[in-house]
Amino acid sequence: MSGINTTLRIFAPLSWKRSSNLRWLILAAVFAAVFAFLSPHAAAQGCAMCYQSAAASGEQGRAALRHGVLILLVPAASLFLGILALIYRRNTPRR
Amino acid sequence: MSASPEERAGFFRKYVFSTDHKVIGLQYLFLALAAVTLGIVLSLLMRIHLAWPKAHPPFISGGIMTPEQYLALMTMHGTIMVFFVLTAAPQSAFGNFFLPIQIGAPDMAFPTLNMLSFWLTLVSFVCMMAAFIVPGGAPISGWTAYPPLSGLGDVTGPGEGIGQTLWIISIAIFCLASLLGSINFITTTIDMRAPGMTLMRMPLTVWAWFVTAILSLLSFSVLLAGGVLLLLDRSVGTSFFLPSDLVVNSQLQTHTGGSPLLWQHLFWFFGHPEVYIAILPGMGIVSHVLANFSRKPVFGYRAMALALCAIGFLGFLVWGHHMFVSGMNPYSGLTFSVLTMSIGVPSAIKTFNWIGTIWGGKIQFTSPMLFALGFVSLFITGGLSGIFLAQPALDTTLHATYYVVAHFHIVMAVAAIFGIFAAIYYWFPKMFGRRMNEPLGKLHFWLTFVGAYCIFMPMHFVGIEGGIRRYADATGARYLAALQPLHTFMTYAALLTVAAQLLFFYNFFQSMWRGEQASLNPWKATTLEWITASPPPPDNFAGRYPAVDRGPYEYSVPGEQEDFLIQSDVANSGHASVSAEIPQRAYVTGMALLLGGVLMFFMAFVSAFVVRKGLSGGDWQPIELPRALWLGTAALVASSFTVFQSRRRLAVHDQAGFRRWWIATAVLGVVFFASEAVAWTKLARAGVTIDASASASFLYVFAGAHAVHLLGGIAALFVVLFMSSRRVTRDTASQVVSLYWQFMNVLWVFLLLLFLWGAQA
């Protein structure tokens, strides 16, 4: 019982009435989830040649491409978010 | 009254080698105008040939245009338009001119670097143009330069010799220029804003230039790395992109084990964000213009700013589907599928909010407003045709047809060009102090708008009917010959559209000298560029820098005399106390961004290493690394300690101690170089040259690229030792250089471990 109470206390500030932002957030998440599970496989938008080449490259090649994609993707996405975080931290100009 | 230093400067210092961001912006603009003129001429030649393929144009020696000549035109048209027009004009030209003014800054954070960016871009352009006149002529491998065609030299066809080499060198220089430019844009936006210019008070143009600069920083460095590898394949016999047993024009090639897919992997990491690099500044400009001429605040400003960030961020993630296709974990496929489609959400937000902005407004149909509305129309049209291409079944059929050409021309090229036109008509009074002719501008809009649709709408139908792209003459096939009337119609439409551009050029150059004098704020606009003179003085605000106290789109404000409020009121805003100095932390920001670009450059090599090994791992030979290399590595690791010590000495104002440790760092750097030279000599004597095997190629690439960067580090160490700059303190300079040095040391250890783990297995 105390566990339930603790849980209720934790989520109390996020009640519907208190936060309209939260309502929108949850609605957006539900929509995203629905669309995610209904979505078809976007295989090769704009690059049929890439698709065919990758498909023909064998299991080892495909694994290499997966890793190659992540090696570029992770630092790029991190740096992008990092730069946005930096400008957010410096919201107030100091000049 | 004595003249200011800027006024006393000679012609060359003032207009050619200027560090003034406004002059540099105009230099970019005129470069883009020259490039677009050439690009249009090339496209017109292609269209004339497609309509009348058996004609004998007088400018082609020998009569009919050959397929190779057609491909050369196509390659150069695409390259010039993508790089020197769609990348240079909206971002580099208008961004350079207006970003500092719109945020209330006296200049860019690094003015000399800014000048260097432009001059590198110009050298790149000249290099690209030289491809037309060298033996063999311009390359024929398309703007994507797919190997093996682009990697083997002139054995593959005319233009693939020196022409292709010049193309690669030109693009590499362009990448370098863009990297330097993007560091400047991002640092300026983060650290040079006027007091009060918080994020949610920045004009949407500034948001767009900022996000575009991040995209440029992260994607051009990968293209640069790809270009380096392609150049090595062509010049020193490596096989990064070139497969084994390739027979070209009856000649067996000696390359082994490379993969053209690796080039696609690197190229499209740049290629997909490039679409957003071209269109995002246009989105910012259009939002700005629509609000101004609807006399309404931008509908959903916050959502618009966040949508720009979201489009930029998703632009990187969407690229994953280009390669991440077969045999993947289904959940990964689902993730990429959702990400692919989710980019439509911020795009739809923008479109909806543009319509929301003009809805119920007091719309003024001026020339810039017409072009902004044209942009929205084209963006919707191009976006709708893109939905069909997102379906794999339809994409398989349509991909190699004119449907794709029509789609990307409308959404990426023509829409972006309309954004450029909107910007020129809108900011012309501020840039030149005169106004363009409005009736001519409106005529220019309608002819271009109708002409563009007449070219590209029928092109969709040609594609749906199976009209194949990249073919110089498709009349040989009966079903394609039936499409000739449409090709002829599109060519007439292209002639009309090009003729309309003559009107624009006349209006532009005539107005520069003879246009009606512009007032300070002819459009009754709200952002900071409109409180200063037209054209603005060298320091932008004549010494009285503004402080900002309201948002960027305060139109139709109730209870005011006029229907708008400028972000910083002219009468009350001149704050002599606001500093024009560059904050010291901007140098640290700039260095951190540079290191971000360098990281992506090396990550491209690392990614290539992993992909190349996985795609064709049979030609990897274990290499015994010479002891000298280990000795050098030890010296480099020790230099991390010495540079740290020198910073500690400086913190307690011990200048002599700082110098001692600083010099020790430089000496250890030189020891590393000497060790590396010895190691390379030993490797070469043992037959381990750069083209000996894939593992050797990567060892030399890792070590060579790192050595070039470290050489810059050693030079910087000496600069700090003997510096006497008034703008940057020794503390800041040493902090910046030590940051760079430590990064290079960590990078080297990482590369060495990666090599030992990957190549020796």
# chains A, B, ... in the order shown; residues from 1 in each chain; ligands from 1
$ residues_around --residues "Ile531 of chain B" --least-positions-apart "6" --cutoff "8 Å" --atoms "only C-alpha atoms" --output "list in words"
Leu520, Asn521, Ile566, Ser568, Asp569 and Val570 of chain B
$ residues_around --residues "Thr526 of chain B" --least-positions-apart "3" --cutoff "8 Å" --atoms "only C-alpha atoms" --output "count of residues only"
9
$ closest_residue --among "B:Gly361, B:Gly356, B:Gly419, B:Gly104" --to "Arg295 of chain B" --atoms "only C-alpha atoms"
B:Gly361
$ closest_residue --among "B:Ile186, B:Met603, B:Ala694, B:Val678" --to "His67 of chain A" --atoms "only C-alpha atoms"
B:Met603
$ residues_around --residues "Ser250 of chain B" --least-positions-apart "5" --cutoff "12 Å" --atoms "only C-alpha atoms" --output "compact mmCIF listing (two decimals) with C-alpha atoms, in the first residue's frame"
# COMPACT_ATOMS: atom_id res chain seq x y z
CA VAL B 155 40.11 4.54 -69.23
CA THR B 156 36.41 4.87 -68.39
CA ASP B 245 38.58 -8.17 -61.58
$ select_by_dssp --residues "segment 390-484 of chain B" --states "helix (DSSP H, G or I)" --output "VMD selection string"
chain B and resid 392 to 398 402 to 432 438 to 464 478 to 481 484
$ residues_around --residues "segment 669-671 of chain B" --least-positions-apart "3" --cutoff "8 Å" --atoms "only C-alpha atoms" --output "PyMOL selection string"
chain B and resi 632+635-636+639+665-666+674-675+710+714
$ write_last_selection --atoms "N, CA and C atoms" --output "PDB file, in the first residue's frame"
ATOM      1  N   GLY B 632      57.073   6.834 -30.858  1.00  0.00           N
ATOM      2  CA  GLY B 632      56.395   8.103 -31.146  1.00  0.00           C
ATOM      3  C   GLY B 632      55.094   8.224 -30.361  1.00  0.00           C
ATOM      4  N   ALA B 635      55.790   9.241 -26.909  1.00  0.00           N
ATOM      5  CA  ALA B 635      56.111  10.677 -26.847  1.00  0.00           C
ATOM      6  C   ALA B 635      54.836  11.514 -26.876  1.00  0.00           C
ATOM      7  N   LEU B 636      53.902  11.081 -27.715  1.00  0.00           N
ATOM      8  CA  LEU B 636      52.654  11.839 -27.843  1.00  0.00           C
ATOM      9  C   LEU B 636      51.836  11.765 -26.549  1.00  0.00           C
ATOM     10  N   SER B 639      53.217  14.041 -24.110  1.00  0.00           N
ATOM     11  CA  SER B 639      52.930  15.452 -24.380  1.00  0.00           C
ATOM     12  C   SER B 639      51.585  15.877 -23.791  1.00  0.00           C
ATOM     13  N   THR B 665      56.190  20.308 -24.879  1.00  0.00           N
ATOM     14  CA  THR B 665      55.091  19.707 -25.656  1.00  0.00           C
ATOM     15  C   THR B 665      55.430  19.725 -27.150  1.00  0.00           C
ATOM     16  N   ALA B 666      55.914  20.892 -27.605  1.00  0.00           N
ATOM     17  CA  ALA B 666      56.254  21.001 -29.028  1.00  0.00           C
ATOM     18  C   ALA B 666      57.377  20.029 -29.385  1.00  0.00           C
ATOM     19  N   ALA B 674      59.173  12.572 -36.100  1.00  0.00           N
ATOM     20  CA  ALA B 674      60.406  11.894 -36.504  1.00  0.00           C
ATOM     21  C   ALA B 674      60.206  10.376 -36.425  1.00  0.00           C
ATOM     22  N   SER B 675      59.574   9.910 -35.355  1.00  0.00           N
ATOM     23  CA  SER B 675      59.333   8.472 -35.200  1.00  0.00           C
ATOM     24  C   SER B 675      58.435   7.963 -36.314  1.00  0.00           C
ATOM     25  N   LEU B 710      48.135  17.110 -36.714  1.00  0.00           N
ATOM     26  CA  LEU B 710      49.077  17.370 -35.619  1.00  0.00           C
ATOM     27  C   LEU B 710      50.095  18.446 -36.003  1.00  0.00           C
ATOM     28  N   ILE B 714      51.271  21.680 -33.872  1.00  0.00           N
ATOM     29  CA  ILE B 714      52.625  22.156 -33.532  1.00  0.00           C
ATOM     30  C   ILE B 714      52.784  23.625 -33.940  1.00  0.00           C
TER      31      ILE B 714
END
$ residues_around --residues "Arg90 of chain A" --least-positions-apart "5" --cutoff "9 Å" --atoms "only C-alpha atoms" --output "PyMOL selection string"
(chain A and resi 85) or (chain B and resi 190-191+198-199)
$ atom_distance --atom1 "atom CA of Gly181 of chain B" --atom2 "atom CA of Leu113 of chain B"
7.5 Å
$ decode --residues "segment 729-756 of chain B" --atoms "N, CA and C atoms" --output "CSV table (one decimal), in the first residue's frame"
chain,number,residue,atom,x,y,z
B,729,THR,N,43.4,36.6,-25.5
B,729,THR,CA,44.5,36.6,-24.5
B,729,THR,C,45.3,35.3,-24.6
B,730,ARG,N,46.4,35.3,-23.9
B,730,ARG,CA,47.3,34.1,-23.9
B,730,ARG,C,46.6,32.9,-23.2
B,731,ASP,N,45.8,33.2,-22.2
B,731,ASP,CA,45.1,32.2,-21.5
B,731,ASP,C,44.1,31.5,-22.4
B,732,THR,N,43.4,32.3,-23.1
B,732,THR,CA,42.4,31.7,-24.0
B,732,THR,C,43.1,30.9,-25.1
B,733,ALA,N,44.1,31.5,-25.7
B,733,ALA,CA,44.8,30.8,-26.8
B,733,ALA,C,45.4,29.5,-26.3
B,734,SER,N,46.0,29.5,-25.2
B,734,SER,CA,46.6,28.3,-24.7
B,734,SER,C,45.5,27.2,-24.3
B,735,GLN,N,44.4,27.7,-23.9
B,735,GLN,CA,43.3,26.8,-23.6
B,735,GLN,C,42.8,26.1,-24.9
B,736,VAL,N,42.7,27.0,-25.9
B,736,VAL,CA,42.2,26.5,-27.2
B,736,VAL,C,43.1,25.5,-27.8
B,737,VAL,N,44.4,25.8,-27.8
B,737,VAL,CA,45.4,24.9,-28.4
B,737,VAL,C,45.6,23.6,-27.6
B,738,SER,N,45.6,23.7,-26.3
B,738,SER,CA,45.7,22.5,-25.5
B,738,SER,C,44.5,21.6,-25.7
B,739,LEU,N,43.4,22.2,-25.8
B,739,LEU,CA,42.2,21.4,-26.1
B,739,LEU,C,42.4,20.6,-27.4
B,740,TYR,N,42.9,21.3,-28.4
B,740,TYR,CA,43.1,20.6,-29.7
B,740,TYR,C,44.2,19.5,-29.6
B,741,TRP,N,45.2,19.9,-28.8
B,741,TRP,CA,46.3,18.9,-28.7
B,741,TRP,C,45.9,17.7,-28.0
B,742,GLN,N,45.2,17.8,-26.9
B,742,GLN,CA,44.7,16.7,-26.1
B,742,GLN,C,43.8,15.8,-27.0
B,743,PHE,N,42.9,16.5,-27.8
B,743,PHE,CA,42.0,15.7,-28.7
B,743,PHE,C,42.8,14.9,-29.7
B,744,MET,N,43.9,15.5,-30.2
B,744,MET,CA,44.7,14.8,-31.2
B,744,MET,C,45.4,13.6,-30.6
B,745,ASN,N,45.8,13.7,-29.4
B,745,ASN,CA,46.5,12.6,-28.7
B,745,ASN,C,45.5,11.5,-28.5
B,746,VAL,N,44.3,11.8,-28.0
B,746,VAL,CA,43.3,10.7,-27.7
B,746,VAL,C,42.9,10.1,-29.0
B,747,LEU,N,42.8,10.9,-30.1
B,747,LEU,CA,42.4,10.4,-31.4
B,747,LEU,C,43.4,9.4,-31.9
B,748,TRP,N,44.7,9.7,-31.7
B,748,TRP,CA,45.8,8.8,-32.2
B,748,TRP,C,45.8,7.5,-31.5
B,749,VAL,N,45.6,7.5,-30.2
B,749,VAL,CA,45.6,6.3,-29.5
B,749,VAL,C,44.4,5.4,-29.9
B,750,PHE,N,43.2,6.1,-30.1
B,750,PHE,CA,42.0,5.4,-30.6
B,750,PHE,C,42.2,4.8,-31.9
B,751,LEU,N,42.8,5.5,-32.9
B,751,LEU,CA,43.0,5.0,-34.2
B,751,LEU,C,44.0,3.8,-34.2
B,752,LEU,N,45.0,3.9,-33.4
B,752,LEU,CA,46.0,2.9,-33.3
B,752,LEU,C,45.4,1.6,-32.7
B,753,LEU,N,44.6,1.7,-31.7
B,753,LEU,CA,43.9,0.6,-31.1
B,753,LEU,C,42.9,0.0,-32.1
B,754,LEU,N,42.2,0.8,-32.8
B,754,LEU,CA,41.2,0.3,-33.8
B,754,LEU,C,41.9,-0.5,-34.8
B,755,PHE,N,43.1,0.1,-35.3
B,755,PHE,CA,43.8,-0.6,-36.3
B,755,PHE,C,44.3,-2.0,-35.8
B,756,LEU,N,44.9,-2.0,-34.6
B,756,LEU,CA,45.4,-3.2,-34.1
B,756,LEU,C,44.3,-4.3,-33.9
